[in-house]
file target20.cif (mmCIF, C-alpha atoms)
data_entry
loop_
_atom_site.label_atom_id
_atom_site.label_comp_id
_atom_site.auth_asym_id
_atom_site.auth_seq_id
_atom_site.Cartn_x
_atom_site.Cartn_y
_atom_site.Cartn_z
CA MET A 1 0.00 0.00 0.00
CA SER A 2 1.25 3.45 -0.91
CA TYR A 3 0.74 6.38 1.46
CA THR A 4 0.58 10.02 0.40
CA LEU A 5 0.86 13.42 2.06
CA ASP A 6 -2.88 13.42 2.73
CA ILE A 7 -4.33 15.00 5.87
CA LYS A 8 -7.82 15.69 4.54
CA ASP A 9 -10.50 15.67 7.29
CA ARG A 10 -7.96 15.10 10.05
CA CYS A 11 -8.18 17.33 13.10
CA VAL A 12 -4.93 19.26 13.44
CA LEU A 13 -4.37 21.25 16.64
CA ILE A 14 -1.69 23.93 16.44
CA THR A 15 -0.45 25.81 19.49
CA GLY A 16 1.05 29.27 19.15
CA ALA A 17 -1.22 29.76 16.15
CA SER A 18 -1.79 33.50 16.52
CA SER A 19 1.18 34.46 14.36
CA GLY A 20 4.37 33.31 12.69
CA LEU A 21 4.90 29.63 11.96
CA GLY A 22 1.79 28.61 13.89
CA ALA A 23 -0.49 30.74 11.73
CA HIS A 24 1.28 29.48 8.62
CA PHE A 25 0.86 25.84 9.64
CA ALA A 26 -2.84 26.46 10.29
CA ASN A 27 -3.35 27.85 6.80
CA LEU A 28 -1.30 25.06 5.26
CA ALA A 29 -3.32 22.36 7.03
CA ALA A 30 -6.62 24.05 6.16
CA ASN A 31 -5.65 24.30 2.49
CA ALA A 32 -4.90 20.57 2.58
CA GLY A 33 -8.45 19.87 3.76
CA ALA A 34 -7.78 19.32 7.45
CA GLN A 35 -10.01 20.48 10.28
CA VAL A 36 -7.84 23.07 11.99
CA VAL A 37 -7.77 24.14 15.64
CA LEU A 38 -5.91 27.39 16.30
CA ALA A 39 -4.76 27.62 19.91
CA ALA A 40 -3.01 30.60 21.50
CA ARG A 41 -3.41 33.26 24.18
CA ARG A 42 -4.31 36.11 21.81
CA GLN A 43 -7.99 35.44 21.19
CA GLU A 44 -8.56 38.21 18.67
CA ARG A 45 -5.68 37.05 16.49
CA ILE A 46 -6.68 33.37 16.37
CA GLU A 47 -10.32 34.26 15.72
CA GLN A 48 -9.22 36.42 12.80
CA HIS A 49 -7.22 33.51 11.34
CA ARG A 50 -10.17 31.19 11.97
CA ASP A 51 -12.53 33.50 10.11
CA ASN A 52 -10.13 33.78 7.18
CA ILE A 53 -9.97 29.99 6.89
CA ARG A 54 -13.75 29.67 7.08
CA GLN A 55 -14.20 32.32 4.40
CA ARG A 56 -12.13 30.13 2.08
CA GLY A 57 -14.43 27.19 2.80
CA GLY A 58 -12.23 25.53 5.38
CA LYS A 59 -13.09 24.12 8.77
CA ALA A 60 -11.51 25.88 11.74
CA LEU A 61 -11.96 26.44 15.46
CA ALA A 62 -10.21 28.98 17.68
CA VAL A 63 -9.53 28.13 21.33
CA VAL A 64 -7.75 30.25 23.90
CA MET A 65 -4.87 28.29 25.41
CA ASP A 66 -2.02 29.30 27.67
CA VAL A 67 0.49 26.44 27.58
CA CYS A 68 1.84 27.52 30.97
CA ASP A 69 -1.60 26.97 32.59
CA GLU A 70 -2.71 23.34 32.81
CA THR A 71 -6.35 24.28 33.44
CA SER A 72 -6.30 26.42 30.31
CA ILE A 73 -4.94 23.45 28.36
CA THR A 74 -7.50 20.94 29.62
CA ASP A 75 -10.40 23.37 29.12
CA ALA A 76 -9.30 24.06 25.54
CA LEU A 77 -8.89 20.36 24.72
CA LEU A 78 -12.32 19.60 26.18
CA LYS A 79 -13.85 22.28 23.95
CA VAL A 80 -12.09 20.88 20.89
CA ASP A 81 -13.28 17.34 21.60
CA SER A 82 -16.88 18.33 22.38
CA ASP A 83 -17.44 21.13 19.83
CA PHE A 84 -15.23 20.15 16.92
CA ALA A 85 -13.41 16.81 16.56
CA PRO A 86 -10.93 14.52 18.35
CA VAL A 87 -7.35 15.60 17.72
CA ASP A 88 -5.47 13.48 15.18
CA VAL A 89 -2.37 15.66 14.84
CA LEU A 90 -0.85 17.91 17.50
CA VAL A 91 1.59 20.59 16.38
CA ASN A 92 3.38 21.79 19.51
CA ASN A 93 4.52 25.14 18.17
CA ALA A 94 4.05 27.60 21.06
CA GLY A 95 7.31 29.02 22.31
CA ILE A 96 9.19 32.11 23.38
CA SER A 97 12.70 33.41 22.82
CA ILE A 98 14.91 35.44 25.13
CA THR A 99 18.12 36.73 23.56
CA LYS A 100 20.74 37.43 26.23
CA THR A 101 24.28 36.46 27.03
CA PHE A 102 24.62 33.60 29.48
CA LEU A 103 25.93 35.97 32.17
CA ASP A 104 22.94 38.29 31.73
CA THR A 105 20.34 35.50 31.75
CA LYS A 106 18.55 35.61 35.10
CA ASP A 107 16.69 32.85 36.92
CA GLU A 108 13.42 34.47 35.85
CA ASP A 109 14.46 34.18 32.19
CA TRP A 110 15.31 30.51 32.62
CA ARG A 111 11.97 29.80 34.26
CA LYS A 112 10.00 31.58 31.52
CA LEU A 113 11.79 29.65 28.79
CA ILE A 114 11.53 26.28 30.51
CA ASP A 115 7.89 26.80 31.53
CA THR A 116 6.83 27.65 27.97
CA ASN A 117 9.20 25.83 25.64
CA LEU A 118 9.55 22.60 27.59
CA ILE A 119 7.04 22.09 30.41
CA GLY A 120 4.19 23.74 28.47
CA LEU A 121 4.96 21.66 25.40
CA ALA A 122 5.10 18.49 27.48
CA THR A 123 1.82 19.26 29.24
CA VAL A 124 -0.08 19.84 26.01
CA ALA A 125 1.41 16.65 24.59
CA ARG A 126 0.60 14.61 27.68
CA HIS A 127 -3.08 15.54 27.72
CA THR A 128 -3.44 15.17 23.95
CA ALA A 129 -1.66 11.80 23.92
CA THR A 130 -3.85 10.58 26.80
CA ALA A 131 -6.93 11.32 24.68
CA MET A 132 -5.35 9.66 21.64
CA LYS A 133 -4.58 6.55 23.69
CA ALA A 134 -8.17 6.40 24.97
CA ARG A 135 -9.54 6.58 21.41
CA GLY A 136 -7.27 3.76 20.30
CA GLN A 137 -6.66 5.19 16.82
CA GLY A 138 -3.17 6.59 17.29
CA GLY A 139 -2.05 9.99 16.07
CA SER A 140 0.91 12.20 15.27
CA ILE A 141 2.64 14.72 17.52
CA ILE A 142 5.00 17.24 15.93
CA ASN A 143 7.16 19.11 18.43
CA VAL A 144 8.61 22.25 16.88
CA GLY A 145 12.16 22.80 18.04
CA SER A 146 15.08 24.65 16.48
CA ILE A 147 18.50 23.93 15.03
CA LEU A 148 19.75 25.66 18.17
CA GLY A 149 18.67 22.51 20.01
CA ALA A 150 21.35 20.62 18.13
CA ARG A 151 24.02 23.30 17.83
CA PRO A 152 24.58 26.33 20.09
CA GLY A 153 24.45 29.94 19.00
CA ASN A 154 25.50 33.27 20.48
CA MET A 155 23.16 34.98 22.95
CA ALA A 156 20.95 31.87 23.15
CA ALA A 157 22.34 29.47 25.74
CA ALA A 158 19.09 29.24 27.71
CA TYR A 159 16.82 29.13 24.66
CA ALA A 160 19.00 26.49 23.01
CA THR A 161 18.90 24.39 26.17
CA THR A 162 15.11 24.27 26.08
CA LYS A 163 15.15 23.33 22.39
CA ALA A 164 17.67 20.56 23.05
CA GLY A 165 15.20 19.35 25.66
CA VAL A 166 12.44 19.30 23.04
CA ILE A 167 14.51 16.95 20.85
CA HIS A 168 15.26 14.55 23.70
CA LEU A 169 11.70 14.74 25.06
CA SER A 170 10.37 13.85 21.61
CA ARG A 171 12.56 10.75 21.52
CA GLY A 172 11.46 9.68 24.98
CA MET A 173 7.81 10.23 24.12
CA ALA A 174 8.25 8.27 20.89
CA VAL A 175 9.56 5.23 22.73
CA GLU A 176 6.71 5.20 25.24
CA LEU A 177 3.84 6.14 22.94
CA ALA A 178 4.64 3.92 19.96
CA ARG A 179 2.70 1.04 21.53
CA TYR A 180 -0.46 3.18 21.26
CA GLY A 181 0.09 4.04 17.61
CA ILE A 182 1.16 7.58 18.46
CA ARG A 183 4.13 8.90 16.53
CA VAL A 184 6.26 11.72 17.95
CA ASN A 185 8.79 13.63 15.87
CA SER A 186 10.50 16.99 16.09
CA LEU A 187 10.75 19.62 13.36
CA LEU A 188 13.85 21.80 13.60
CA PRO A 189 13.67 25.00 11.54
CA GLY A 190 16.67 27.14 10.82
CA PHE A 191 16.41 30.90 11.00
CA ILE A 192 13.06 32.03 9.62
CA PRO A 193 12.15 35.70 10.20
CA THR A 194 8.96 36.00 12.27
CA GLU A 195 7.72 38.14 15.15
CA LEU A 196 9.72 35.86 17.45
CA THR A 197 13.02 36.32 15.62
CA GLU A 198 13.40 40.02 14.93
CA MET A 199 16.93 41.19 14.00
CA ASP A 200 18.45 44.34 12.58
CA GLU A 201 19.45 44.38 8.91
CA HIS A 202 23.18 44.10 9.59
CA ALA A 203 22.70 41.00 11.75
CA LEU A 204 20.45 39.42 9.13
CA GLN A 205 23.03 39.95 6.39
CA ARG A 206 25.78 38.45 8.54
CA LEU A 207 23.59 35.47 9.37
CA GLN A 208 22.69 34.91 5.73
CA LYS A 209 26.38 34.57 4.82
CA GLN A 210 26.65 31.67 7.29
CA ILE A 211 23.94 29.66 5.52
CA PRO A 212 25.25 27.47 2.67
CA GLN A 213 22.20 28.23 0.50
CA ARG A 214 22.90 31.93 1.09
CA ARG A 215 19.35 32.86 1.99
CA LEU A 216 17.11 33.01 5.03
CA GLY A 217 14.30 30.53 5.38
CA THR A 218 10.61 31.16 4.78
CA PRO A 219 7.62 29.49 6.44
CA GLU A 220 6.88 27.79 3.09
CA ASP A 221 10.23 26.00 3.30
CA LEU A 222 8.77 23.93 6.14
CA ASP A 223 5.69 22.80 4.20
CA GLY A 224 7.11 19.52 2.93
CA ALA A 225 8.42 18.40 6.31
CA PHE A 226 5.18 19.43 8.00
CA MET A 227 3.00 17.50 5.57
CA LEU A 228 5.27 14.46 5.84
CA LEU A 229 5.07 14.32 9.64
CA ALA A 230 1.34 15.08 9.78
CA SER A 231 0.38 12.40 7.25
CA ASP A 232 0.69 8.64 7.01
CA ALA A 233 3.60 9.10 4.61
CA SER A 234 5.72 9.12 7.80
CA ARG A 235 3.97 6.07 9.25
CA TYR A 236 7.32 4.40 10.11
CA MET A 237 8.91 7.52 11.54
CA THR A 238 8.91 8.22 15.26
CA GLY A 239 11.59 9.74 17.44
CA SER A 240 13.05 11.47 14.37
CA SER A 241 14.21 15.05 14.00
CA ILE A 242 13.87 16.78 10.63
CA THR A 243 16.14 19.77 10.09
CA VAL A 244 15.08 22.43 7.58
CA ASP A 245 17.73 25.15 7.55
CA GLY A 246 19.43 25.56 4.17
CA GLY A 247 22.44 23.67 5.51
CA HIS A 248 23.04 26.12 8.35
CA ALA A 249 23.58 23.54 11.11
CA SER A 250 25.91 21.54 8.85
CA ASN A 251 28.14 24.49 8.00
CA SER A 252 31.81 24.18 8.89
CA LEU A 253 33.13 25.84 12.01
#
call {"tool": "encode", "arguments": {"input": "target20.cif", "output": "structure tokens"}}
result
Amino acid sequence: MSYTLDIKDRCVLITGASSGLGAHFANLAANAGAQVVLAARRQERIEQHRDNIRQRGGKALAVVMDVCDETSITDALLKVDSDFAPVDVLVNNAGISITKTFLDTKDEDWRKLIDTNLIGLATVARHTATAMKARGQGGSIINVGSILGARPGNMAAAYATTKAGVIHLSRGMAVELARYGIRVNSLLPGFIPTELTEMDEHALQRLQKQIPQRRLGTPEDLDGAFMLLASDASRYMTGSSITVDGGHASNSL
């Protein structure tokens, strides 16, 4: 049997969907015929994206979710299950970035990064995977990390540590959840300009020279990897990390 990049009618829940990569993934999934759940703290933004998808004939639901608040997570998932559809694909995309030197990074910064990028991600995944297990039909969890989880960068020691944790957490989850038909993989983008990754023009030009393809990434560059991990085309992939970075992480030192 041949499997394709088909996610039509699947329920895809995307955290951090109010802007950036999350909003892009929501539109991508909707255009592919999926039922899309946009989850984030900024209600007005996710409702606007929801309405845009519906106007194009797509199916979408907006739910307010703070990944650092377990009650917010469980309430949102209950609403999705009762008002929309059971989640087939979870895209754990919510995250924050704090750009500071290691010596300037305070305990408060560490806690914010860990609470959002690691504990929040794990909590959303745990509750979603519990529901997937109860249904008995498996599912796919895509944890969005960063190439900084595999290779350090300047002014990002704390952020990179949380993203390294995402990679290892994904592998651990994959081992434990495979018996329930739940696949867990991580998607590691290179530098893609979004609201989360603002830089001045000089820094962007310097960064671009370090990328073998000599260009910055775009959200569309992640489309193939996203569709692969969300669909049954990756049915024998779990615990994997897919890097999409123009060769950045492989560049020579």
call {"tool": "closest_residue", "arguments": {"input": "target20.cif", "among": "A:Glu220, A:Arg215, A:Asn117, A:Thr128", "to": "Phe25 of chain A", "atoms": "only C-alpha atoms"}}
result
A:Glu220
call {"tool": "atom_distance", "arguments": {"input": "target20.cif", "atom1": "atom CA of Asp104 of chain A", "atom2": "atom CA of Thr162 of chain A"}}
result
17.0 Å
call {"tool": "resolve_selection", "arguments": {"input": "target20.cif", "expression": "the PyMOL selection byres ((chain A and resi 130-135) around 9)", "output": "PyMOL selection string"}}
result
chain A and resi 86-88+125-129+136-139+177+180-182
call {"tool": "resolve_selection", "arguments": {"input": "target20.cif", "expression": "the PyMOL selection byres ((chain A and resi 40) around 9)", "output": "list in words"}}
result
Ile14, Thr15, Gly16, Ala17, Ser18, Leu38, Ala39, Arg41, Arg42, Gln43, Arg45, Ile46, Ala62, Val63, Val64, Met65, Asp66, Val67 and Ala94 of chain A
call {"tool": "residues_around", "arguments": {"input": "target20.cif", "residues": "Lys59 of chain A", "least_positions_apart": "6", "cutoff": "8 Å", "atoms": "only C-alpha atoms", "output": "short mmCIF file (atom, residue, chain, number, x, y, z; two decimals) with C-alpha atoms, in the frame of the given file"}}
result
data_model
loop_
_atom_site.label_atom_id
_atom_site.label_comp_id
_atom_site.auth_asym_id
_atom_site.auth_seq_id
_atom_site.Cartn_x
_atom_site.Cartn_y
_atom_site.Cartn_z
CA ALA A 30 -6.62 24.05 6.16
CA ALA A 34 -7.78 19.32 7.45
CA GLN A 35 -10.01 20.48 10.28
CA VAL A 36 -7.84 23.07 11.99
CA ILE A 53 -9.97 29.99 6.89
#
call {"tool": "atom_distance", "arguments": {"input": "target20.cif", "atom1": "atom CA of Ala60 of chain A", "atom2": "atom CA of Asn31 of chain A"}}
result
11.1 Å
call {"tool": "closest_residue", "arguments": {"input": "target20.cif", "among": "A:Ser250, A:Thr74, A:Asn27, A:Ser231", "to": "Ser140 of chain A", "atoms": "all atoms listed in the file"}}
result
A:Ser231
call {"tool": "atom_distance", "arguments": {"input": "target20.cif", "atom1": "atom CA of Leu169 of chain A", "atom2": "atom CA of Leu188 of chain A"}}
result
13.6 Å
call {"tool": "closest_residue", "arguments": {"input": "target20.cif", "among": "A:Leu216, A:Ala174, A:Met227, A:Leu103", "to": "Thr194 of chain A", "atoms": "all atoms listed in the file"}}
result
A:Leu216
call {"tool": "resolve_selection", "arguments": {"input": "target20.cif", "expression": "the PyMOL selection byres ((chain A and resi 235) around 12)", "output": "PyMOL selection string"}}
result
chain A and resi 1-6+138-140+178+181-185+228-234+236-240
call {"tool": "closest_residue", "arguments": {"input": "target20.cif", "among": "A:Pro212, A:Gly22, A:Gly172, A:Gly247", "to": "Leu90 of chain A", "atoms": "all atoms listed in the file"}}
result
A:Gly22
call {"tool": "closest_atom_pairs", "arguments": {"input": "target20.cif", "of": "segment 111-144 of chain A", "to": "segment 148-159 of chain A", "cutoff": "12 Å", "atoms": "all atoms listed in the file", "output": "CSV"}}
result
residue,atom,partner,partner_atom,distance
A:Arg111,CA,A:Ala158,CA,9.7
A:Lys112,CA,A:Tyr159,CA,10.0
A:Leu113,CA,A:Tyr159,CA,6.5
A:Ile114,CA,A:Tyr159,CA,8.4
A:Asp115,CA,A:Tyr159,CA,11.5
A:Thr116,CA,A:Tyr159,CA,10.6
A:Asn117,CA,A:Tyr159,CA,8.4
A:Leu118,CA,A:Tyr159,CA,10.2
A:Val144,CA,A:Gly149,CA,10.5
call {"tool": "closest_residue", "arguments": {"input": "target20.cif", "among": "A:Ala26, A:Asp221, A:Asp109, A:Ser241", "to": "Gly58 of chain A", "atoms": "all atoms listed in the file"}}
result
A:Ala26
call {"tool": "axis_aligned_box", "arguments": {"input": "target20.cif", "around": "segment 185-190 of chain A", "padding_each_side": "3 Å", "output": "lines of an AutoDock Vina configuration file"}}
result
center_x = 12.7
center_y = 20.4
center_z = 13.5
size_x = 13.9
size_y = 19.5
size_z = 11.3
call {"tool": "build_atoms", "arguments": {"input": "target20.cif", "residues": "segment 84-95 of chain A", "atoms": "N, CA and C atoms", "output": "JSON list (two decimals), in the frame of the given file"}}
result
[["chain", "number", "residue", "atom", "x", "y", "z"],
["A", 84, "PHE", "N", -15.86, 20.18, 18.23],
["A", 84, "PHE", "CA", -15.23, 20.15, 16.92],
["A", 84, "PHE", "C", -14.93, 18.71, 16.49],
["A", 85, "ALA", "N", -13.80, 18.17, 16.94],
["A", 85, "ALA", "CA", -13.41, 16.81, 16.56],
["A", 85, "ALA", "C", -12.26, 16.35, 17.44],
["A", 86, "PRO", "N", -12.10, 15.03, 17.62],
["A", 86, "PRO", "CA", -10.93, 14.52, 18.35],
["A", 86, "PRO", "C", -9.64, 14.88, 17.60],
["A", 87, "VAL", "N", -8.60, 15.18, 18.33],
["A", 87, "VAL", "CA", -7.35, 15.60, 17.72],
["A", 87, "VAL", "C", -6.61, 14.40, 17.14],
["A", 88, "ASP", "N", -6.26, 14.50, 15.85],
["A", 88, "ASP", "CA", -5.47, 13.48, 15.18],
["A", 88, "ASP", "C", -3.99, 13.86, 15.12],
["A", 89, "VAL", "N", -3.74, 15.16, 14.97],
["A", 89, "VAL", "CA", -2.37, 15.66, 14.84],
["A", 89, "VAL", "C", -2.20, 16.86, 15.77],
["A", 90, "LEU", "N", -1.19, 16.79, 16.63],
["A", 90, "LEU", "CA", -0.85, 17.91, 17.50],
["A", 90, "LEU", "C", 0.43, 18.54, 16.99],
["A", 91, "VAL", "N", 0.40, 19.85, 16.77],
["A", 91, "VAL", "CA", 1.59, 20.59, 16.38],
["A", 91, "VAL", "C", 1.96, 21.49, 17.55],
["A", 92, "ASN", "N", 2.95, 21.07, 18.31],
["A", 92, "ASN", "CA", 3.38, 21.79, 19.51],
["A", 92, "ASN", "C", 4.33, 22.91, 19.08],
["A", 93, "ASN", "N", 3.75, 24.05, 18.75],
["A", 93, "ASN", "CA", 4.52, 25.14, 18.17],
["A", 93, "ASN", "C", 4.73, 26.32, 19.11],
["A", 94, "ALA", "N", 3.94, 26.44, 20.16],
["A", 94, "ALA", "CA", 4.05, 27.60, 21.06],
["A", 94, "ALA", "C", 5.45, 27.66, 21.68],
["A", 95, "GLY", "N", 5.99, 28.86, 21.71],
["A", 95, "GLY", "CA", 7.31, 29.02, 22.31],
["A", 95, "GLY", "C", 7.68, 30.49, 22.43]]
